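J.: Below are the structure tokens for one structure; questions will follow.
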Amino acid sequence: HLTRWFHDERPLPAAPHATVATAAQALLYAHRHRALDDLTEVLADCAHRRAEELLAVFAEEEPAALCRAVDRWAHDERPDRRAAAIAHGLRTAPHARTEADRELLRRAALTVLARPADSALHGGALALLVGDPHARAGHLPQALRHFATGDPHLPAGALTPALTTHPEAVLAAFGERLRRGPDADTGQVLRALADVTTPTLARRVAAVIREAVARRPHTAGHVAAYVDRRLHHGPAARPVLFPLVTGLLEDAPTQLRTALGGVLAAPGTHMAAPRTPAALVSGTLRRELLDFLLAHEDDPAVLDAVLHAAAPTAEEDLRDLVHRVGLLLVRTPEGAAVFDRALVELGRRLPG
């Protein structure tokens with residue numbers, strides 16, 4: 001009866017910020033322990049956004065119940081239930097607390113994997129198995145083959161846990177995907193690799209990225225986003241990130257150096273008094289890398305990107321940065337024209 005109210009968005013007179021739908025959702029959450037297994041079945045039947053939201057919360061707060069549900073759904077004859085088993089299994093796996101829970105997820109994945117008719121779900125099932133240290137070795141080769149073919153249900157992040165146990169095979173698969181995959185894949189792979197912080201693995205990741213850049217310079221935006229993400233890991237990232245970025249700033253194509261200039265000069269990061277915790281962590285290394293860029297760069301396009309990226313900030317150090325970039329640009333007539341045009345554009349948009 002309550003899930004029927006998920007479509008009812010009438011406000012409640014006693015609580016103006018609540019609706020009938022949100023009240024129904026809150027009641028189901030508050031009283032979930034009366035019949036948790038029954039509730040997961042009702043929510044799976046409901047096929048409504050609010051039902052999905054509750055199941056997502058239960059994956060974190062009630063993982064044992066979700067593991068039981070995933071096991072039931074994997075053995076269900078209804079295809080939508082088996083799809084739900086994989087989707088919610090992946091969501092629940094990081095929160096599974098006991099070996100019994102993990103065993104239920106393994107069994108569910110193997111059940112789906114054994115069904116040829118469920119080939120569209122096999123990537124997700126393999127992702128579950130690769131994330132489980134007890135099942136990884138036996139299923140990693142098949143998972144890497146799926147990953148190499150671009151299976152959307154086997155994202156790069158699902159393979160990163162296997163880097164600690166099978167680094168050669170997984171890094172080779174990532175390198176192949178970076179060399180041959182579409183741009184969307186490149187972003188996904190680099191986002192996953194940015195979270196690899198173990199020094200030895202991070203150095204090997206950097207080598208994979210350098211090779212990918214050499215082969216596909218048009219992936220500049222994704223590589224710059226990787227650098228930005230790694231900078232937020234703070235001083236621990238320096239031994240790997242400094243040689244990678246300085247090497248790219250010395251010999252990468254203009255497109256990539258331009259993208260890196262925009263990242264290194266971003267507001268509130270290269271200044272003396274960063275305003276956010278993330279900026280505080282990354283600011284020192286970011287400024288060091290920006291100084292390296294300004295000491296080696298003479299391409300007007302790159303310097304123009306630095307100027308535009310830094311301009312929105314209001315800190316006093318901006319005056320010094322604009323002056324430094326200007327002195328570099330006015331060495332040539334082309335650079336001077338770029339500098340004049342940038343100042344006019346930025347002055348109109350940001351009078352400060």
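Chains: A, B, ... in order of the structure tokens. Residues: from 1 per chain. Ligands: from 1, in order shown.
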Can you tell me, as a list in words, what residues are no more than 10 Å from Thr332 of chain A when counting only C-alpha atoms, ignoring any on the same chain fewer than 5 positions away?

T.: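 Residues meeting the cut-off are Asp298, Pro300, Ala337 and Val338 of chain A.
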
J.: Which is closest to Ala259 of chain A among A:Leu294, A:Leu171, A:Ala309, A:Leu244, if we use only C-alpha atoms?

T.: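 Among the listed residues, A:Ala309 lies closest to Ala259 of chain A.
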
J.: Quick one, how far is atom CA of Leu307 of chain A from atom CA of Arg238 of chain A?

T.: 24.4 Å

J.: Nearest to Ala83 of chain A among A:His122, A:Arg102, A:Arg180, A:Arg10, with distances taken over only C-alpha atoms: which residue is it?

T.: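 Checking each of A:His122, A:Arg102, A:Arg180, A:Arg10 against Ala83 of chain A, counting only C-alpha atoms, the winner is A:His122.
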
J.: Considering only C-alpha atoms, return as an MDAnalysis selection string whatever protein or nucleic-acid residues lie within 7 Å of Gly187 of chain A, sequence-local ones (same chain, fewer than 4 positions apart) excluded.

T.: chainID A and resid 183 191 222

J.: For Leu159 of chain A, which residue out of A:Gly124, A:Pro182, A:Gly247, A:Gly261 is the nearest one, using only C-alpha atoms?

T.: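 That would be A:Gly124, the residue with the smallest distance to Leu159 of chain A.
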
J.: Pick from A:His166, A:Arg230, A:Arg78, A:Arg115: nearest to Gly138 of chain A, with only C-alpha atoms counted?

T.: A:His166

J.: Would you pick out the contacts of segment 146-153 of chain A at 12 Å or less, using only C-alpha atoms, so that residues sharing its chain but fewer than 6 positions from it are not included, and give the list as a PyMOL selection string?

T.: chain A and resi 83+86-87+90+119-128+130+139-140+159+169-186+188-189

J.: Quick one: write out the picked residues with N, CA and C atoms as a compact mmCIF listing (two decimals), in the first residue's frame?

T.:
# COMPACT_ATOMS: atom_id res chain seq x y z
N ALA A 83 18.71 -9.28 -13.63
CA ALA A 83 19.40 -8.00 -13.86
C ALA A 83 19.51 -7.22 -12.55
N ILE A 86 22.42 -8.51 -10.34
CA ILE A 86 23.76 -8.01 -10.65
C ILE A 86 23.90 -6.56 -10.23
N ALA A 87 22.90 -5.74 -10.56
CA ALA A 87 22.99 -4.31 -10.24
C ALA A 87 23.14 -4.09 -8.73
N LEU A 90 26.52 -5.55 -7.17
CA LEU A 90 27.67 -4.65 -7.30
C LEU A 90 27.59 -3.50 -6.29
N SER A 119 23.88 -13.27 -21.31
CA SER A 119 25.21 -12.79 -21.72
C SER A 119 25.39 -11.30 -21.48
N ALA A 120 24.30 -10.52 -21.57
CA ALA A 120 24.41 -9.08 -21.33
C ALA A 120 24.76 -8.77 -19.88
N LEU A 121 24.49 -9.72 -18.98
CA LEU A 121 24.78 -9.51 -17.56
C LEU A 121 26.12 -10.09 -17.14
N HIS A 122 26.80 -10.79 -18.07
CA HIS A 122 28.02 -11.49 -17.68
C HIS A 122 29.13 -10.53 -17.25
N GLY A 123 29.19 -9.35 -17.87
CA GLY A 123 30.20 -8.39 -17.46
C GLY A 123 30.03 -7.98 -16.01
N GLY A 124 28.79 -7.71 -15.60
CA GLY A 124 28.53 -7.36 -14.21
C GLY A 124 28.83 -8.49 -13.26
N ALA A 125 28.47 -9.73 -13.68
CA ALA A 125 28.77 -10.89 -12.85
C ALA A 125 30.27 -11.06 -12.67
N LEU A 126 31.03 -10.86 -13.75
CA LEU A 126 32.49 -10.96 -13.66
C LEU A 126 33.06 -9.86 -12.78
N ALA A 127 32.46 -8.67 -12.85
CA ALA A 127 32.91 -7.59 -11.99
C ALA A 127 32.76 -7.97 -10.51
N LEU A 128 31.65 -8.63 -10.18
CA LEU A 128 31.46 -9.09 -8.81
C LEU A 128 32.53 -10.11 -8.42
N VAL A 130 35.55 -10.63 -9.78
CA VAL A 130 36.91 -10.07 -9.76
C VAL A 130 37.12 -9.25 -8.49
N HIS A 139 38.52 -16.14 -12.51
CA HIS A 139 37.65 -15.43 -13.45
C HIS A 139 38.28 -14.18 -14.05
N LEU A 140 39.49 -13.81 -13.60
CA LEU A 140 40.11 -12.61 -14.13
C LEU A 140 40.38 -12.68 -15.63
N LEU A 159 38.07 -3.46 -12.02
CA LEU A 159 39.31 -4.22 -12.16
C LEU A 159 40.44 -3.70 -11.26
N ALA A 169 48.72 -8.31 -15.79
CA ALA A 169 47.58 -8.56 -16.68
C ALA A 169 46.61 -7.38 -16.71
N VAL A 170 46.35 -6.80 -15.54
CA VAL A 170 45.37 -5.70 -15.48
C VAL A 170 45.93 -4.44 -16.13
N LEU A 171 47.19 -4.11 -15.89
CA LEU A 171 47.78 -2.93 -16.51
C LEU A 171 47.85 -3.10 -18.03
N ALA A 172 48.11 -4.30 -18.49
CA ALA A 172 48.11 -4.54 -19.94
C ALA A 172 46.73 -4.29 -20.52
N ALA A 173 45.70 -4.73 -19.80
CA ALA A 173 44.33 -4.52 -20.28
C ALA A 173 43.98 -3.03 -20.28
N PHE A 174 44.37 -2.31 -19.23
CA PHE A 174 44.13 -0.87 -19.19
C PHE A 174 44.86 -0.17 -20.34
N GLY A 175 46.11 -0.55 -20.57
CA GLY A 175 46.87 0.06 -21.64
C GLY A 175 46.23 -0.17 -23.00
N GLU A 176 45.73 -1.37 -23.22
CA GLU A 176 45.07 -1.68 -24.49
C GLU A 176 43.80 -0.86 -24.66
N ARG A 177 43.03 -0.71 -23.57
CA ARG A 177 41.80 0.07 -23.64
C ARG A 177 42.12 1.55 -23.90
N LEU A 178 43.19 2.06 -23.31
CA LEU A 178 43.59 3.45 -23.55
C LEU A 178 44.06 3.65 -24.99
N ARG A 179 44.70 2.63 -25.55
CA ARG A 179 45.21 2.76 -26.92
C ARG A 179 44.10 2.67 -27.96
N ARG A 180 43.09 1.84 -27.68
CA ARG A 180 42.13 1.52 -28.73
C ARG A 180 40.70 1.97 -28.43
N GLY A 181 40.38 2.22 -27.16
CA GLY A 181 39.00 2.51 -26.80
C GLY A 181 38.56 3.90 -27.21
N PRO A 182 37.25 4.15 -27.22
CA PRO A 182 36.74 5.50 -27.51
C PRO A 182 37.09 6.46 -26.39
N ASP A 183 36.89 7.75 -26.64
CA ASP A 183 37.25 8.77 -25.66
C ASP A 183 36.54 8.59 -24.33
N ALA A 184 35.26 8.18 -24.37
CA ALA A 184 34.53 7.97 -23.12
C ALA A 184 35.20 6.90 -22.27
N ASP A 185 35.73 5.86 -22.91
CA ASP A 185 36.45 4.82 -22.19
C ASP A 185 37.73 5.38 -21.57
N THR A 186 38.40 6.26 -22.30
CA THR A 186 39.64 6.83 -21.80
C THR A 186 39.40 7.56 -20.48
N GLN A 188 36.96 7.07 -18.35
CA GLN A 188 36.61 6.10 -17.30
C GLN A 188 37.85 5.39 -16.78
N VAL A 189 38.73 4.97 -17.70
CA VAL A 189 39.94 4.25 -17.28
C VAL A 189 40.84 5.16 -16.45
